[in-house]
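Remarks on the structure that follows.
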Amino acid sequence: MLFEPRSGRLAAWGNALLAGLVSPDEAVLSIVGEDAVHRVAGLPGEAEPVGLTLALGRLRALGASGLRIALPAPGHPLGLSGPPEFNARALEAEEAVVCVGAALGLVPEVTEAGPAGDVHVSVVWHCLPVREAPPADVPSLGEAERELAEALREATVVLTRLDVAGSGPVAEAALSAYRARAEAGPSDGALAPGYPARAVRVLSLAQRVDLMVSLAYESGHGGAVSSSEMAARAEALRPVERVARRALVAAYNSAVEERERGR
């Protein structure tokens, strides 16, 4: 899964910029994060890829008033509304950003180069037409929070019984990184000014669930040695992963939903 999807950073800080809550420089720095560079290709009126500052300004001029994210998976077009070409690109990337007020969407293409420890990451966001329709299967923040709490309880019981919780140095490093991130507070997270406090809470819980699922997958079969136990493990993880992705989308999209409800 995507612990901190690039589409989430783009949507969160893009929404803050569109709302006039942050400067273009602050938004772009936060979106790029540890990557080397982000550019946008296929933007209407631009023959060549352009930087994020120009791209966000152009999207505003084209009518974009907000940004939503999509985190689709096979059989689950979460956050998408079509057309098929855009959906296919988003499904391949496992994420996308959809503009509100402009029939455009952005799908990232990530390129990595360089040796381990000195990897240069560049991102090209491909701008494509989208269908203006309600996004698929996106819950409210309240629904997402309830679903997460229930899924976390159920999955913890099953995975503990099957002995598939993460263990070893890799898992411990991931858990330590998560704890350090949590202790740093919301300002170190992916949300930006303008988001409700509940969104920060839902995002944090979704990331916690996401980490648990990732560690369970990375730990191999753990103690689940029989085919029935392995099937039970997969069955326990599948709905939890789906719930976590729905909650991530709900959290990142909440700034737009709040503004639309306030109109």
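Residue numbering restarts at 1 for every chain of the structure tokens, chains are lettered A, B, ... in their displayed order, and ligands are numbered from 1 as they appear.
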
field: Secondary structure check, helix (DSSP H, G or I) residues of region 4-188 of chain A, as a VMD selection string
entry: chain A and resid 6 to 18 24 to 32 52 to 61 84 to 93 141 to 162 169 to 184 186 to 188

Can those selected residues be exported to a file as a compact mmCIF listing (two decimals), in the first residue's frame so that it contains C-alpha atoms?
# COMPACT_ATOMS: atom_id res chain seq x y z
CA ARG A 6 2.27 11.43 -3.60
CA SER A 7 -1.28 12.12 -4.75
CA GLY A 8 -2.14 12.87 -1.12
CA ARG A 9 0.64 15.44 -0.76
CA LEU A 10 -0.33 17.07 -4.06
CA ALA A 11 -4.01 17.22 -3.12
CA ALA A 12 -3.47 18.39 0.46
CA TRP A 13 -1.03 21.21 -0.29
CA GLY A 14 -2.72 22.03 -3.59
CA ASN A 15 -5.98 22.51 -1.70
CA ALA A 16 -4.24 24.75 0.85
CA LEU A 17 -2.79 26.83 -1.99
CA LEU A 18 -6.11 27.10 -3.83
CA PRO A 24 3.13 28.70 -3.85
CA ASP A 25 6.69 28.07 -2.63
CA GLU A 26 5.50 26.41 0.59
CA ALA A 27 3.01 24.26 -1.30
CA VAL A 28 5.54 23.08 -3.89
CA LEU A 29 8.23 22.30 -1.30
CA SER A 30 5.75 20.23 0.70
CA ILE A 31 4.47 18.38 -2.38
CA VAL A 32 7.94 17.49 -3.66
CA LEU A 52 4.40 22.60 -10.19
CA THR A 53 4.11 26.32 -9.47
CA LEU A 54 3.06 27.12 -13.03
CA ALA A 55 0.88 23.99 -13.23
CA LEU A 56 -1.09 24.75 -10.06
CA GLY A 57 -1.63 28.32 -11.22
CA ARG A 58 -2.81 27.12 -14.62
CA LEU A 59 -5.21 24.61 -13.06
CA ARG A 60 -6.70 27.42 -10.98
CA ALA A 61 -7.11 29.52 -14.14
CA PRO A 84 -11.55 4.36 -19.12
CA GLU A 85 -8.21 5.78 -20.32
CA PHE A 86 -7.74 7.82 -17.15
CA ASN A 87 -8.94 4.97 -14.95
CA ALA A 88 -6.46 2.57 -16.56
CA ARG A 89 -3.54 4.96 -16.04
CA ALA A 90 -4.58 5.59 -12.45
CA LEU A 91 -4.95 1.88 -11.75
CA GLU A 92 -1.47 1.21 -13.12
CA ALA A 93 0.00 3.95 -10.88
CA LEU A 141 -14.78 10.87 7.51
CA GLY A 142 -17.16 9.49 10.13
CA GLU A 143 -17.77 6.30 8.14
CA ALA A 144 -14.05 5.87 7.51
CA GLU A 145 -13.20 6.26 11.19
CA ARG A 146 -15.77 3.67 12.26
CA GLU A 147 -14.68 1.23 9.55
CA LEU A 148 -11.02 1.59 10.52
CA ALA A 149 -11.61 0.95 14.20
CA GLU A 150 -13.64 -2.17 13.50
CA ALA A 151 -11.24 -3.51 10.86
CA LEU A 152 -8.23 -2.94 13.10
CA ARG A 153 -9.80 -4.88 15.98
CA GLU A 154 -10.84 -7.82 13.81
CA ALA A 155 -7.57 -8.04 11.88
CA THR A 156 -5.44 -7.82 15.01
CA VAL A 157 -7.24 -10.81 16.51
CA VAL A 158 -6.89 -12.93 13.36
CA LEU A 159 -3.28 -11.99 12.57
CA THR A 160 -2.16 -12.51 16.16
CA ARG A 161 -3.74 -15.97 16.19
CA LEU A 162 -1.96 -16.83 12.93
CA PRO A 169 14.89 -5.74 12.21
CA VAL A 170 12.98 -4.52 9.13
CA ALA A 171 9.66 -4.51 10.94
CA GLU A 172 11.19 -2.88 14.01
CA ALA A 173 12.74 -0.14 11.86
CA ALA A 174 9.39 0.53 10.21
CA LEU A 175 7.64 0.68 13.56
CA SER A 176 10.30 3.01 14.98
CA ALA A 177 9.93 5.30 11.97
CA TYR A 178 6.17 5.37 12.43
CA ARG A 179 6.46 6.16 16.15
CA ALA A 180 8.91 9.00 15.43
CA ARG A 181 6.54 10.37 12.83
CA ALA A 182 3.58 10.16 15.21
CA GLU A 183 5.51 11.87 18.00
CA ALA A 184 6.42 14.72 15.62
CA PRO A 186 0.37 16.49 12.58
CA SER A 187 2.72 19.17 11.19
CA ASP A 188 5.04 16.37 10.06

Show me, as a Markdown table, the residues of region 24-117 of chain A having an atom within 7 Å of region 251-263 of chain A, each with the closest atom pair and its distance in Å, using only C-alpha atoms.
| residue | atom | partner | partner_atom | distance |
| --- | --- | --- | --- | --- |
| A:Gly66 | CA | A:Val256 | CA | 5.9 |
| A:Arg68 | CA | A:Asn253 | CA | 5.0 |
| A:Ile69 | CA | A:Asn253 | CA | 6.5 |

message: What's around Glu112 (chain A) at 12 Å? Count only C-alpha atoms, leave out sequence neighbours fewer than 2 positions away in its own chain, and write the answer as a list in words.
response: Asp35, Ala36, Val37, Glu109, Val110, Gly114, Pro115, Ala116, Gly117, Asp118, Val119, His120, Val121, Ser122, Val123 and Val124 of chain A

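Atom pair CA of Ser23 (chain A) / CA of Leu80 (chain A) has a distance of 28.9 Å (rounded to one decimal).
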
- request: Have a look at A:Gly194, A:Gly101, A:Pro108, A:Gly79 and name the one nearest to Val40 (chain A); count only C-alpha atoms.
  value: A:Pro108

query: Any idea what's packed within 12 Å of Ser81 (chain A), counting only C-alpha atoms, ignoring anything in its chain fewer than 4 positions away? Could you give it as a list of chain:residue names?
result: A:Arg68, A:Ile69, A:Ala70, A:Pro72, A:His76, A:Pro77, A:Glu85, A:Phe86, A:Asn87, A:Ala88, A:Ala90, A:Ala96, A:Val97, A:Val98, A:Cys99, A:Ala103, A:Leu104, A:Gly105, A:Pro129, A:Val130, A:Arg131, A:Glu132, A:Ala133, A:Pro134, A:Pro135, A:Ala136, A:Asp137, A:Val138

Resulting file, chosen residues, N, CA and C atoms, as a CSV table (one decimal), in the first residue's frame:
chain,number,residue,atom,x,y,z
A,68,ARG,N,-9.1,16.3,-5.4
A,68,ARG,CA,-9.4,15.0,-4.7
A,68,ARG,C,-8.4,14.0,-5.1
A,69,ILE,N,-8.2,12.9,-4.3
A,69,ILE,CA,-7.3,11.8,-4.7
A,69,ILE,C,-8.2,10.5,-5.0
A,70,ALA,N,-7.5,9.7,-5.7
A,70,ALA,CA,-8.1,8.3,-6.0
A,70,ALA,C,-6.9,7.3,-5.7
A,72,PRO,N,-7.0,3.6,-6.5
A,72,PRO,CA,-7.7,2.4,-7.1
A,72,PRO,C,-6.8,1.2,-6.9
A,76,HIS,N,-11.5,-2.4,-7.6
A,76,HIS,CA,-11.9,-1.4,-6.7
A,76,HIS,C,-11.5,0.0,-7.2
A,77,PRO,N,-12.3,0.6,-8.0
A,77,PRO,CA,-11.9,1.9,-8.6
A,77,PRO,C,-12.1,3.1,-7.7
A,85,GLU,N,-9.6,5.5,-20.1
A,85,GLU,CA,-8.2,5.8,-20.3
A,85,GLU,C,-7.6,6.3,-19.0
A,86,PHE,N,-8.3,7.3,-18.4
A,86,PHE,CA,-7.7,7.8,-17.2
A,86,PHE,C,-7.8,6.8,-16.1
A,87,ASN,N,-8.8,6.0,-16.0
A,87,ASN,CA,-8.9,5.0,-14.9
A,87,ASN,C,-7.8,3.9,-15.1
A,88,ALA,N,-7.5,3.6,-16.3
A,88,ALA,CA,-6.5,2.6,-16.6
A,88,ALA,C,-5.1,3.1,-16.1
A,90,ALA,N,-4.6,5.5,-13.9
A,90,ALA,CA,-4.6,5.6,-12.5
A,90,ALA,C,-4.4,4.2,-11.8
A,96,ALA,N,-4.0,8.7,-8.1
A,96,ALA,CA,-4.3,9.8,-9.1
A,96,ALA,C,-4.9,11.0,-8.3
A,97,VAL,N,-4.8,12.2,-8.9
A,97,VAL,CA,-5.5,13.4,-8.4
A,97,VAL,C,-6.5,13.8,-9.4
A,98,VAL,N,-7.7,14.2,-8.9
A,98,VAL,CA,-8.8,14.6,-9.8
A,98,VAL,C,-9.2,16.1,-9.4
A,99,CYS,N,-9.2,16.9,-10.4
A,99,CYS,CA,-9.5,18.3,-10.1
A,99,CYS,C,-11.0,18.5,-9.9
A,103,ALA,N,-12.4,19.5,-15.6
A,103,ALA,CA,-12.4,18.1,-16.0
A,103,ALA,C,-11.1,17.6,-16.3
A,104,LEU,N,-10.2,17.6,-15.4
A,104,LEU,CA,-8.8,17.2,-15.6
A,104,LEU,C,-8.3,16.3,-14.4
A,105,GLY,N,-7.4,15.4,-14.7
A,105,GLY,CA,-6.9,14.6,-13.6
A,105,GLY,C,-5.4,14.4,-13.8
A,129,PRO,N,-7.9,14.2,-19.5
A,129,PRO,CA,-9.3,14.5,-19.2
A,129,PRO,C,-9.9,13.5,-18.3
A,130,VAL,N,-10.9,14.0,-17.5
A,130,VAL,CA,-11.6,13.1,-16.6
A,130,VAL,C,-13.1,13.4,-16.8
A,131,ARG,N,-13.9,12.5,-16.4
A,131,ARG,CA,-15.4,12.6,-16.4
A,131,ARG,C,-15.8,13.3,-15.2
A,132,GLU,N,-16.6,14.4,-15.3
A,132,GLU,CA,-17.1,15.1,-14.1
A,132,GLU,C,-18.3,14.3,-13.5
A,133,ALA,N,-18.1,13.5,-12.5
A,133,ALA,CA,-19.1,12.7,-11.9
A,133,ALA,C,-18.6,12.4,-10.5
A,134,PRO,N,-19.6,11.9,-9.6
A,134,PRO,CA,-19.2,11.6,-8.3
A,134,PRO,C,-18.1,10.5,-8.2
A,135,PRO,N,-17.1,10.6,-7.4
A,135,PRO,CA,-16.1,9.6,-7.3
A,135,PRO,C,-16.6,8.3,-6.7
A,136,ALA,N,-16.0,7.2,-7.1
A,136,ALA,CA,-16.5,5.8,-6.7
A,136,ALA,C,-16.1,5.5,-5.3
A,137,ASP,N,-17.1,5.1,-4.5
A,137,ASP,CA,-16.9,4.4,-3.2
A,137,ASP,C,-16.1,5.2,-2.1
A,138,VAL,N,-16.2,6.5,-2.1
A,138,VAL,CA,-15.5,7.3,-1.1
A,138,VAL,C,-16.4,7.6,0.1

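Straight-line separation from CA of Ser140 (chain A) to CA of Ala199 (chain A): 10.1 Å.
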
message: What does the structure give for the distance between CA of Arg201 (chain A) and CA of Glu235 (chain A), in Å to one decimal?
response: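 Between CA of Arg201 (chain A) and CA of Glu235 (chain A) the gap works out to 26.6 Å.
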
- request: List every residue of region 110-161 of chain A that DSSP, applied to the backbone, labels as strand (DSSP E or B), and write the result as a VMD selection string.
  value: chain A and resid 110 to 113 120 to 129
